[in-house]
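K.L.:
My structure is in model-v2.csv, and what it holds is CSV, C-alpha atoms and all ligand atoms:
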chain,number,residue,atom,x,y,z
A,955,MET,CA,57.4,-60.8,-57.7
A,956,LYS,CA,54.5,-60.9,-55.2
A,957,LYS,CA,55.1,-59.2,-51.9
A,958,ARG,CA,55.3,-61.5,-48.9
A,959,ILE,CA,53.1,-62.1,-45.9
A,960,PHE,CA,53.9,-63.9,-42.6
A,961,SER,CA,51.6,-64.5,-39.7
A,962,GLY,CA,50.8,-67.2,-37.2
A,963,ALA,CA,48.6,-68.2,-34.2
A,964,GLN,CA,49.5,-70.1,-31.1
A,965,PRO,CA,48.2,-73.7,-30.5
A,966,THR,CA,47.0,-72.7,-27.0
A,967,GLY,CA,43.5,-73.0,-25.8
A,968,GLN,CA,40.8,-72.9,-28.4
A,969,LEU,CA,40.7,-70.5,-31.3
A,970,HIS,CA,37.9,-67.9,-30.9
A,971,ILE,CA,35.9,-65.7,-33.2
A,972,GLY,CA,38.3,-62.8,-32.3
A,973,ASN,CA,41.2,-64.8,-33.7
A,974,TYR,CA,39.2,-65.5,-36.8
A,975,LEU,CA,37.9,-62.0,-37.4
A,976,GLY,CA,41.1,-60.2,-36.4
A,977,ALA,CA,43.5,-62.4,-38.2
A,978,LEU,CA,42.5,-65.6,-40.1
A,979,LYS,CA,39.8,-64.0,-42.2
A,980,ASN,CA,42.4,-61.5,-43.5
A,981,TRP,CA,45.0,-64.3,-44.1
A,982,VAL,CA,42.5,-66.0,-46.4
A,983,ALA,CA,41.6,-62.7,-48.2
A,984,LEU,CA,45.2,-61.7,-48.8
A,985,GLN,CA,46.6,-65.1,-49.9
A,986,ASP,CA,45.8,-64.4,-53.7
A,987,GLU,CA,47.6,-61.1,-53.8
A,988,TYR,CA,50.6,-62.1,-51.6
A,989,GLU,CA,53.1,-65.0,-51.3
A,990,SER,CA,51.8,-66.1,-47.9
A,991,PHE,CA,53.5,-68.0,-45.0
A,992,TYR,CA,51.1,-69.1,-42.2
A,993,CYS,CA,52.8,-70.7,-39.2
A,994,ILE,CA,51.6,-72.6,-36.2
A,995,VAL,CA,53.7,-71.0,-33.5
A,996,ASN,CA,54.2,-73.8,-31.1
A,997,LEU,CA,57.5,-72.3,-29.7
A,998,HIS,CA,55.5,-69.3,-28.6
A,999,ALA,CA,52.9,-71.6,-26.9
A,1000,ILE,CA,55.5,-72.9,-24.5
A,1001,THR,CA,56.2,-69.5,-23.1
A,1002,LEU,CA,53.4,-70.5,-20.6
A,1003,PRO,CA,53.1,-74.0,-19.2
A,1004,GLN,CA,51.5,-76.5,-21.6
A,1005,ASN,CA,50.6,-80.2,-21.3
A,1006,PRO,CA,53.1,-81.8,-23.8
A,1007,LYS,CA,50.6,-84.4,-25.2
A,1008,VAL,CA,47.9,-81.8,-25.5
A,1009,LEU,CA,50.2,-79.3,-27.2
A,1010,ARG,CA,51.1,-81.8,-30.0
A,1011,GLN,CA,47.4,-82.5,-30.6
A,1012,LYS,CA,46.5,-78.8,-30.5
A,1013,THR,CA,49.3,-78.0,-33.0
A,1014,LEU,CA,47.7,-80.4,-35.5
A,1015,ASP,CA,44.2,-79.2,-34.7
A,1016,LEU,CA,45.3,-75.6,-35.5
A,1017,ALA,CA,46.5,-76.7,-38.9
A,1018,ARG,CA,43.0,-78.2,-39.5
A,1019,ILE,CA,41.5,-74.8,-38.5
A,1020,TYR,CA,43.7,-72.9,-40.9
A,1021,LEU,CA,42.7,-75.2,-43.7
A,1022,ALA,CA,39.0,-75.2,-42.8
A,1023,ALA,CA,39.0,-71.4,-42.6
A,1024,GLY,CA,40.1,-71.3,-46.2
A,1025,ILE,CA,43.8,-71.1,-46.3
A,1026,ASP,CA,44.7,-73.0,-49.5
A,1027,PRO,CA,47.9,-75.0,-49.4
A,1028,GLU,CA,48.2,-74.6,-53.1
A,1029,LYS,CA,48.5,-70.8,-52.6
A,1030,SER,CA,49.9,-70.5,-49.1
A,1031,THR,CA,52.7,-72.2,-47.2
A,1032,ILE,CA,51.4,-73.7,-43.9
A,1033,PHE,CA,54.0,-75.0,-41.5
A,1034,ILE,CA,54.9,-75.7,-37.8
A,1035,GLN,CA,57.4,-73.2,-36.3
A,1036,SER,CA,59.5,-75.9,-34.6
A,1037,ASP,CA,60.0,-77.7,-38.0
A,1038,VAL,CA,62.2,-74.7,-39.0
A,1039,PRO,CA,65.0,-74.4,-36.5
A,1040,GLU,CA,66.1,-71.1,-38.0
A,1041,HIS,CA,63.4,-69.4,-35.9
A,1042,ALA,CA,65.1,-70.3,-32.7
A,1043,GLU,CA,68.6,-69.6,-34.1
A,1044,LEU,CA,67.7,-66.0,-35.3
A,1045,THR,CA,66.1,-65.4,-31.9
A,1046,TRP,CA,69.5,-65.7,-30.3
A,1047,ILE,CA,71.1,-63.2,-32.6
A,1048,LEU,CA,68.3,-60.7,-32.2
A,1049,SER,CA,68.3,-61.2,-28.4
A,1050,CYS,CA,71.9,-59.9,-28.5
A,1051,ILE,CA,70.7,-56.6,-30.1
A,1052,ALA,CA,67.4,-56.2,-28.3
A,1053,ARG,CA,67.4,-54.1,-25.1
A,1054,MET,CA,65.9,-55.1,-21.7
A,1055,GLY,CA,64.2,-51.7,-21.5
A,1056,GLU,CA,62.3,-52.2,-24.7
A,1057,LEU,CA,61.1,-55.7,-23.8
A,1058,GLU,CA,60.1,-54.5,-20.3
A,1059,ARG,CA,57.7,-52.1,-22.0
A,1060,MET,CA,55.7,-54.8,-23.8
A,1061,THR,CA,52.2,-54.9,-22.4
A,1062,GLN,CA,51.7,-58.6,-23.2
A,1063,TYR,CA,54.6,-59.4,-20.9
A,1064,LYS,CA,53.3,-57.2,-18.2
A,1065,ASP,CA,49.8,-58.8,-18.5
A,1066,LYS,CA,50.8,-62.4,-18.8
A,1067,GLY,CA,53.7,-62.1,-16.4
A,1068,LYS,CA,51.3,-60.4,-14.0
A,1069,GLY,CA,54.0,-57.9,-13.0
A,1070,ASN,CA,55.9,-60.6,-11.1
A,1071,SER,CA,59.4,-60.9,-12.7
A,1072,GLU,CA,60.5,-63.3,-9.9
A,1073,ARG,CA,58.0,-65.9,-11.3
A,1074,ALA,CA,57.5,-64.9,-15.0
A,1075,GLY,CA,59.5,-67.1,-17.4
A,1076,VAL,CA,62.4,-65.7,-19.4
A,1077,GLY,CA,60.6,-67.1,-22.6
A,1078,LEU,CA,57.6,-64.9,-21.9
A,1079,PHE,CA,59.9,-61.9,-21.6
A,1080,THR,CA,61.8,-62.7,-24.9
A,1081,TYR,CA,58.6,-63.8,-26.8
A,1082,PRO,CA,58.6,-60.6,-28.9
A,1083,VAL,CA,62.1,-61.4,-30.1
A,1084,LEU,CA,61.0,-64.8,-31.3
A,1085,MET,CA,58.1,-63.1,-33.0
A,1086,ALA,CA,60.5,-60.6,-34.7
A,1087,SER,CA,62.6,-63.6,-35.9
A,1088,ASP,CA,59.5,-65.4,-37.3
A,1089,ILE,CA,58.7,-62.3,-39.4
A,1090,LEU,CA,62.2,-61.2,-40.4
A,1091,LEU,CA,63.4,-64.6,-41.5
A,1092,TYR,CA,61.0,-64.5,-44.5
A,1093,GLN,CA,61.8,-60.9,-45.6
A,1094,THR,CA,58.2,-60.2,-44.9
A,1095,ASP,CA,56.4,-57.1,-46.3
A,1096,LEU,CA,53.1,-57.4,-44.5
A,1097,VAL,CA,52.0,-58.9,-41.2
A,1098,PRO,CA,48.2,-59.3,-40.8
A,1099,VAL,CA,47.5,-59.3,-37.0
A,1100,GLY,CA,45.0,-58.1,-34.5
A,1101,GLN,CA,45.4,-54.9,-32.5
A,1102,ASP,CA,47.1,-56.8,-29.5
A,1103,GLN,CA,50.1,-57.5,-31.6
A,1104,LYS,CA,50.8,-54.0,-32.8
A,1105,GLN,CA,53.4,-53.2,-30.1
A,1106,HIS,CA,55.3,-56.4,-30.9
A,1107,LEU,CA,55.3,-55.5,-34.6
A,1108,GLU,CA,56.7,-52.1,-33.8
A,1109,LEU,CA,59.5,-53.8,-31.9
A,1110,THR,CA,60.1,-56.1,-34.9
A,1111,ARG,CA,60.6,-53.0,-37.1
A,1112,ASP,CA,62.9,-51.4,-34.5
A,1113,LEU,CA,65.1,-54.5,-34.3
A,1114,ALA,CA,65.3,-54.9,-38.1
A,1115,GLU,CA,66.2,-51.2,-38.5
A,1116,ARG,CA,68.9,-51.5,-35.8
A,1117,PHE,CA,70.4,-54.6,-37.4
A,1118,ASN,CA,70.4,-53.1,-40.8
A,1119,ARG,CA,72.0,-49.9,-39.5
A,1120,ASP,CA,74.7,-51.8,-37.5
A,1121,PHE,CA,75.5,-54.7,-39.9
A,1122,GLY,CA,74.3,-53.5,-43.3
A,1123,GLU,CA,71.1,-53.9,-45.2
A,1124,THR,CA,69.7,-57.4,-44.3
A,1125,PHE,CA,66.0,-57.4,-43.4
A,1126,THR,CA,62.9,-56.1,-45.2
A,1127,ILE,CA,61.1,-53.7,-42.8
A,1128,PRO,CA,57.6,-55.2,-42.4
A,1129,GLU,CA,54.3,-53.3,-42.3
A,1130,PRO,CA,51.5,-54.2,-40.0
A,1131,PHE,CA,48.1,-55.0,-41.5
A,1132,ILE,CA,45.5,-54.3,-38.8
A,1133,PRO,CA,42.0,-54.5,-40.1
A,1134,PRO,CA,39.9,-51.3,-39.6
A,1135,VAL,CA,37.0,-53.4,-38.2
A,1136,GLY,CA,37.5,-56.5,-36.1
A,1137,ALA,CA,41.0,-56.0,-34.9
A,1138,ASN,CA,40.0,-56.0,-31.2
A,1139,ILE,CA,36.9,-58.3,-30.6
A,1140,LEU,CA,36.0,-57.9,-26.9
A,1141,SER,CA,35.0,-60.4,-24.3
A,1142,LEU,CA,31.3,-61.1,-24.2
A,1143,GLN,CA,31.4,-60.9,-20.4
A,1144,GLU,CA,33.8,-58.1,-19.9
A,1145,PRO,CA,33.6,-55.8,-22.9
A,1146,THR,CA,36.5,-53.7,-21.6
A,1147,LYS,CA,39.0,-56.4,-22.4
A,1148,LYS,CA,39.8,-58.4,-25.5
A,1149,MET,CA,38.3,-61.9,-26.2
A,1150,SER,CA,41.1,-64.2,-25.2
A,1151,LYS,CA,41.9,-67.9,-25.4
A,1152,SER,CA,43.4,-67.8,-21.9
A,1153,ASP,CA,40.4,-66.1,-20.3
A,1154,GLU,CA,39.3,-68.2,-17.4
A,1155,ASN,CA,35.7,-67.4,-18.1
A,1156,ALA,CA,34.8,-69.5,-21.2
A,1157,ASN,CA,31.5,-67.5,-21.5
A,1158,GLY,CA,33.5,-64.5,-22.7
A,1159,SER,CA,34.6,-66.2,-25.9
A,1160,ILE,CA,32.8,-67.8,-28.8
A,1161,PHE,CA,35.1,-70.6,-29.8
A,1162,LEU,CA,35.2,-71.7,-33.4
A,1163,LEU,CA,34.3,-75.3,-32.5
A,1164,ASP,CA,31.5,-74.4,-30.0
A,1165,ASP,CA,28.3,-76.2,-30.8
A,1166,ALA,CA,25.1,-74.4,-31.7
A,1167,ASP,CA,23.6,-74.6,-28.1
A,1168,THR,CA,26.7,-73.3,-26.5
A,1169,ILE,CA,27.0,-70.4,-29.0
A,1170,THR,CA,23.3,-69.4,-28.4
A,1171,LYS,CA,23.7,-69.5,-24.7
A,1172,LYS,CA,26.9,-67.5,-24.7
A,1173,ILE,CA,25.3,-64.8,-26.9
A,1174,LYS,CA,22.1,-64.7,-24.8
A,1175,ARG,CA,24.3,-64.3,-21.6
A,1176,ALA,CA,26.5,-61.6,-23.2
A,1177,VAL,CA,26.4,-58.4,-21.2
A,1178,THR,CA,24.8,-55.4,-22.8
A,1179,ASP,CA,25.0,-51.7,-22.1
A,1180,SER,CA,22.3,-49.4,-20.8
A,1181,GLY,CA,20.0,-47.9,-23.4
A,1182,THR,CA,18.0,-49.8,-26.0
A,1183,GLU,CA,19.4,-48.8,-29.4
A,1184,ILE,CA,21.4,-51.2,-31.5
A,1185,ASN,CA,24.1,-49.1,-33.1
A,1186,PHE,CA,27.8,-48.5,-33.3
A,1187,ASP,CA,28.4,-46.2,-30.4
A,1188,ASP,CA,31.8,-46.0,-28.8
A,1189,SER,CA,30.3,-45.2,-25.4
A,1190,ARG,CA,28.4,-48.6,-25.5
A,1191,PRO,CA,31.2,-51.1,-26.2
A,1192,ALA,CA,29.2,-54.3,-25.5
A,1193,ILE,CA,26.6,-53.6,-28.2
A,1194,LYS,CA,29.2,-52.2,-30.6
A,1195,ASN,CA,31.2,-55.4,-30.1
A,1196,LEU,CA,28.2,-57.7,-30.8
A,1197,LEU,CA,27.2,-55.6,-33.8
A,1198,THR,CA,30.8,-55.7,-35.1
A,1199,ILE,CA,30.7,-59.5,-35.1
A,1200,PHE,CA,27.3,-59.4,-36.9
A,1201,GLN,CA,28.7,-56.9,-39.5
A,1202,LEU,CA,31.8,-59.0,-40.3
A,1203,LEU,CA,30.0,-62.3,-40.6
A,1204,THR,CA,27.2,-60.9,-42.8
A,1205,GLY,CA,29.4,-58.5,-44.9
A,1206,LYS,CA,26.9,-55.7,-44.4
A,1207,SER,CA,28.0,-52.1,-44.0
A,1208,ALA,CA,27.7,-50.5,-40.5
A,1209,SER,CA,24.7,-48.4,-41.6
A,1210,GLU,CA,23.0,-51.4,-43.1
A,1211,CYS,CA,23.4,-53.2,-39.8
A,1212,GLU,CA,22.0,-50.3,-37.8
A,1213,THR,CA,19.0,-50.0,-40.2
A,1214,HIS,CA,18.5,-53.8,-40.0
A,1215,PHE,CA,18.0,-53.6,-36.3
A,1216,ALA,CA,16.3,-50.2,-36.0
A,1217,GLY,CA,13.4,-50.4,-33.6
A,1218,LYS,CA,14.3,-54.0,-32.5
A,1219,GLY,CA,15.1,-55.0,-29.0
A,1220,TYR,CA,18.2,-56.7,-27.5
A,1221,GLY,CA,16.3,-60.1,-27.4
A,1222,HIS,CA,15.6,-60.0,-31.2
A,1223,PHE,CA,19.2,-58.8,-31.9
A,1224,LYS,CA,20.8,-61.6,-29.9
A,1225,THR,CA,18.6,-64.3,-31.4
A,1226,GLU,CA,19.5,-63.2,-34.9
A,1227,LEU,CA,23.2,-62.8,-34.0
A,1228,ALA,CA,23.3,-66.3,-32.5
A,1229,GLU,CA,21.7,-67.8,-35.7
A,1230,THR,CA,24.2,-65.9,-37.9
A,1231,VAL,CA,27.2,-67.2,-35.9
A,1232,VAL,CA,25.9,-70.8,-35.9
A,1233,GLU,CA,25.2,-70.7,-39.6
A,1234,PHE,CA,28.6,-69.2,-40.3
A,1235,LEU,CA,30.5,-71.8,-38.3
A,1236,ARG,CA,28.5,-74.9,-39.4
A,1237,PRO,CA,30.3,-75.4,-42.7
A,1238,PHE,CA,33.6,-74.4,-41.1
A,1239,GLN,CA,33.1,-77.1,-38.4
A,1240,ASP,CA,32.3,-79.7,-41.0
A,1241,ARG,CA,35.5,-78.9,-43.0
A,1242,VAL,CA,37.7,-79.2,-39.9
A,1243,LYS,CA,36.7,-82.9,-39.7
A,1244,GLU,CA,37.9,-83.5,-43.3
A,1245,PHE,CA,41.6,-83.5,-42.6
A,1246,ASP,CA,43.1,-86.6,-41.1
A,1247,ASP,CA,46.7,-86.7,-39.8
A,1248,ALA,CA,48.1,-88.1,-43.1
A,1249,ALA,CA,46.5,-85.3,-45.0
A,1250,LEU,CA,48.0,-82.8,-42.6
A,1251,ASP,CA,51.4,-84.4,-42.9
A,1252,ALA,CA,51.2,-84.1,-46.7
A,1253,ILE,CA,50.7,-80.3,-46.3
A,1254,LEU,CA,52.9,-79.5,-43.3
A,1255,LYS,CA,56.1,-81.4,-44.4
A,1256,PRO,CA,56.5,-79.6,-47.8
A,1257,GLY,CA,55.4,-76.4,-46.1
A,1258,ALA,CA,58.3,-76.6,-43.7
A,1259,GLU,CA,60.7,-77.5,-46.5
A,1260,LYS,CA,59.7,-74.4,-48.5
A,1261,ALA,CA,59.8,-72.2,-45.4
A,1262,ARG,CA,63.2,-73.6,-44.4
A,1263,SER,CA,64.7,-72.9,-47.8
A,1264,ILE,CA,63.9,-69.1,-47.4
A,1265,ALA,CA,64.7,-69.0,-43.7
A,1266,SER,CA,68.1,-70.6,-44.1
A,1267,ASP,CA,69.2,-68.1,-46.7
A,1268,THR,CA,68.3,-65.2,-44.4
A,1269,LEU,CA,70.1,-66.8,-41.4
A,1270,LYS,CA,73.2,-67.5,-43.5
A,1271,SER,CA,73.3,-63.8,-44.5
A,1272,VAL,CA,72.8,-62.8,-40.8
A,1273,TYR,CA,75.6,-65.1,-39.6
A,1274,LYS,CA,78.0,-63.6,-42.2
A,1275,LYS,CA,77.1,-60.1,-41.3
A,1276,VAL,CA,77.7,-60.6,-37.6
A,1277,GLY,CA,81.0,-62.5,-38.3
A,1278,ILE,CA,79.9,-66.0,-37.3
A,1279,ALA,CA,80.1,-67.6,-40.7
B,1301,LIG,N1,40.2,-60.5,-29.4
B,1301,LIG,C1,40.8,-60.4,-30.6
B,1301,LIG,N2,40.3,-59.7,-31.6
B,1301,LIG,C2,41.0,-59.6,-32.8
B,1301,LIG,N3,42.1,-60.3,-33.0
B,1301,LIG,C3,42.6,-61.1,-32.1
B,1301,LIG,N4,43.7,-61.8,-32.0
B,1301,LIG,C4,43.8,-62.4,-30.8
B,1301,LIG,N5,42.8,-62.0,-30.0
B,1301,LIG,C5,42.0,-61.2,-30.8
B,1301,LIG,C6,44.6,-62.1,-33.1
B,1301,LIG,O1,44.6,-63.5,-33.4
B,1301,LIG,C7,45.9,-63.9,-33.9
B,1301,LIG,C8,46.4,-65.1,-33.3
B,1301,LIG,O2,46.5,-64.9,-31.9
B,1301,LIG,P1,47.5,-65.7,-31.0
B,1301,LIG,O3,47.3,-67.2,-31.1
B,1301,LIG,O4,48.9,-65.2,-31.3
B,1301,LIG,O5,47.2,-65.3,-29.5
B,1301,LIG,P2,47.1,-63.9,-28.8
B,1301,LIG,O6,47.3,-62.8,-29.7
B,1301,LIG,O7,48.0,-64.0,-27.6
B,1301,LIG,O8,45.6,-63.8,-28.4
B,1301,LIG,P3,44.6,-64.9,-27.7
B,1301,LIG,O9,43.8,-65.5,-28.8
B,1301,LIG,O10,43.8,-64.1,-26.7
B,1301,LIG,O11,45.5,-65.9,-27.0
B,1301,LIG,P4,46.1,-65.9,-25.5
B,1301,LIG,O12,44.9,-65.9,-24.5
B,1301,LIG,O13,46.8,-67.2,-25.4
B,1301,LIG,O14,46.9,-64.7,-25.4
B,1301,LIG,C9,46.9,-62.7,-33.7
B,1301,LIG,O15,47.0,-62.0,-34.9
B,1301,LIG,C10,46.1,-61.8,-32.7
B,1301,LIG,O16,46.4,-60.4,-32.9
How does the structure come out when it is put into structure tokens?
Ligand code: AQP
P.N.:
Amino acid sequence: MKKRIFSGAQPTGQLHIGNYLGALKNWVALQDEYESFYCIVNLHAITLPQNPKVLRQKTLDLARIYLAAGIDPEKSTIFIQSDVPEHAELTWILSCIARMGELERMTQYKDKGKGNSERAGVGLFTYPVLMASDILLYQTDLVPVGQDQKQHLELTRDLAERFNRDFGETFTIPEPFIPPVGANILSLQEPTKKMSKSDENANGSIFLLDDADTITKKIKRAVTDSGTEINFDDSRPAIKNLLTIFQLLTGKSASECETHFAGKGYGHFKTELAETVVEFLRPFQDRVKEFDDAALDAILKPGAEKARSIASDTLKSVYKKVGIA
């Protein structure tokens, strides 16, 4: 029996190269070795206000992005979260064992709720419980995510262990898979914070669907550090971040990248990086256009059916354990 993977992305904003390098790239690489479930987490998206018409469109667009990135529906199950109602049902059960204190410690809630509990939505607060349900429903062994999701995954493990202790062995305890390089791609404009879909400054992110001109302009405008060397130096996060993107897209080792740019200036480096990103994204952007709505339907519908068959077994067992069924 293959071990199992679950992961997902929110259909909010536009996917950026950080989402790709921190998560999607690894989903593709792991799908041969693991039985993989890749979800479009639209229930997570509505924890912040969304335009309903745009949300539906973005949900389908994200499915196209998964496919164009190389997730193969013959190998992996791709589905929309809301097509499997067990995600919301398990969230209620787990909400009853989660503690206010542990959710209050979640940094994403603090960041996105802006420390204003009077105005922050309850959904934003309970977001990590929904994420725990997503993962635990599939008896997941491994969860490939970026660094920003590490804390939520620790909470998932705590909730699973608590449930197993109080009600008897029910959930597999999942392990995180956080890549050693690329788990925290930083904003091109503010290299102290992560590249983010919800960043108001679009120049901070390279979106997967940006055109060549836009990518080149964003990279040329990217802030740099003092000094001239192009190397992986923790005290120079801007250059390290750009070089990390170059490393992951070219498959070169860190020392090969440093040797490649030895003696070259920032101008040369940025030009080559921009060309690398544009060339990398070109075939990806062509593939995105290949999937019409009918093609998506033919993948997402059976995907949801397969996901549901596993999720409903887990939920039945949970209901029995807590005395509901
Ligand atoms: N900057 C990043 N570097 C590496 N990985 C990242 N991820 C997100 N940002 C980076 C990983 O991408 C996956 C999908 O993310 P998500 O859709 O769940 O959104 P998020 O984690 O909340 O991050 P975003 O993209 O910045 O969106 P917003 O602005 O809406 O919060 C996850 O595995 C994530 O770790």
K.L.:
I'd like to know which of A:Ala1023, A:Gly1077, A:Pro965, A:Ala999 is closest to Ala983 (chain A), using all atoms listed in the file.
P.N.:
A:Ala1023
K.L.:
For a test of reading the model, state the distance in Å between CA of Lys1174 (chain A) and CA of Leu1227 (chain A), rounded to one decimal.
P.N.:
9.5 Å
K.L.:
Between A:Leu975, A:Ala1074, A:Ala1017, A:Leu1090, which residue has the minimum interatomic distance to Ser1266 (chain A), considering all atoms listed in the file?
P.N.:
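Smallest distance to Ser1266 (chain A) is found for A:Leu1090.
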K.L.:
Which region 1130-1156 of chain A residues have any atom within 8 Å of an atom of region 1194-1199 of chain A, and for each, what is the nearest pair of atoms with distance in Å to one decimal, counting all atoms listed in the file, rows sorted by chain and number, as JSON lines?
P.N.:
{"residue": "A:Val1135", "atom": "CA", "partner": "A:Thr1198", "partner_atom": "CA", "distance": 7.3}
{"residue": "A:Gly1136", "atom": "CA", "partner": "A:Thr1198", "partner_atom": "CA", "distance": 6.8}
{"residue": "A:Ile1139", "atom": "CA", "partner": "A:Asn1195", "partner_atom": "CA", "distance": 6.4}
{"residue": "A:Leu1140", "atom": "CA", "partner": "A:Asn1195", "partner_atom": "CA", "distance": 6.3}
{"residue": "A:Pro1145", "atom": "CA", "partner": "A:Asn1195", "partner_atom": "CA", "distance": 7.6}
K.L.:
Find the spatial neighbours of region 991-998 of chain A, counting all atoms listed in the file, within a cut-off of 9 Å - ignore same-chain residues fewer than 3 positions away - and output them as a ChimeraX atom specification.
P.N.:
/A:958-966,981,985,1001-1002,1009-1010,1013-1014,1016-1017,1020,1025,1030-1036,1042,1077-1078,1081,1084-1085,1088,1092,1257,1261
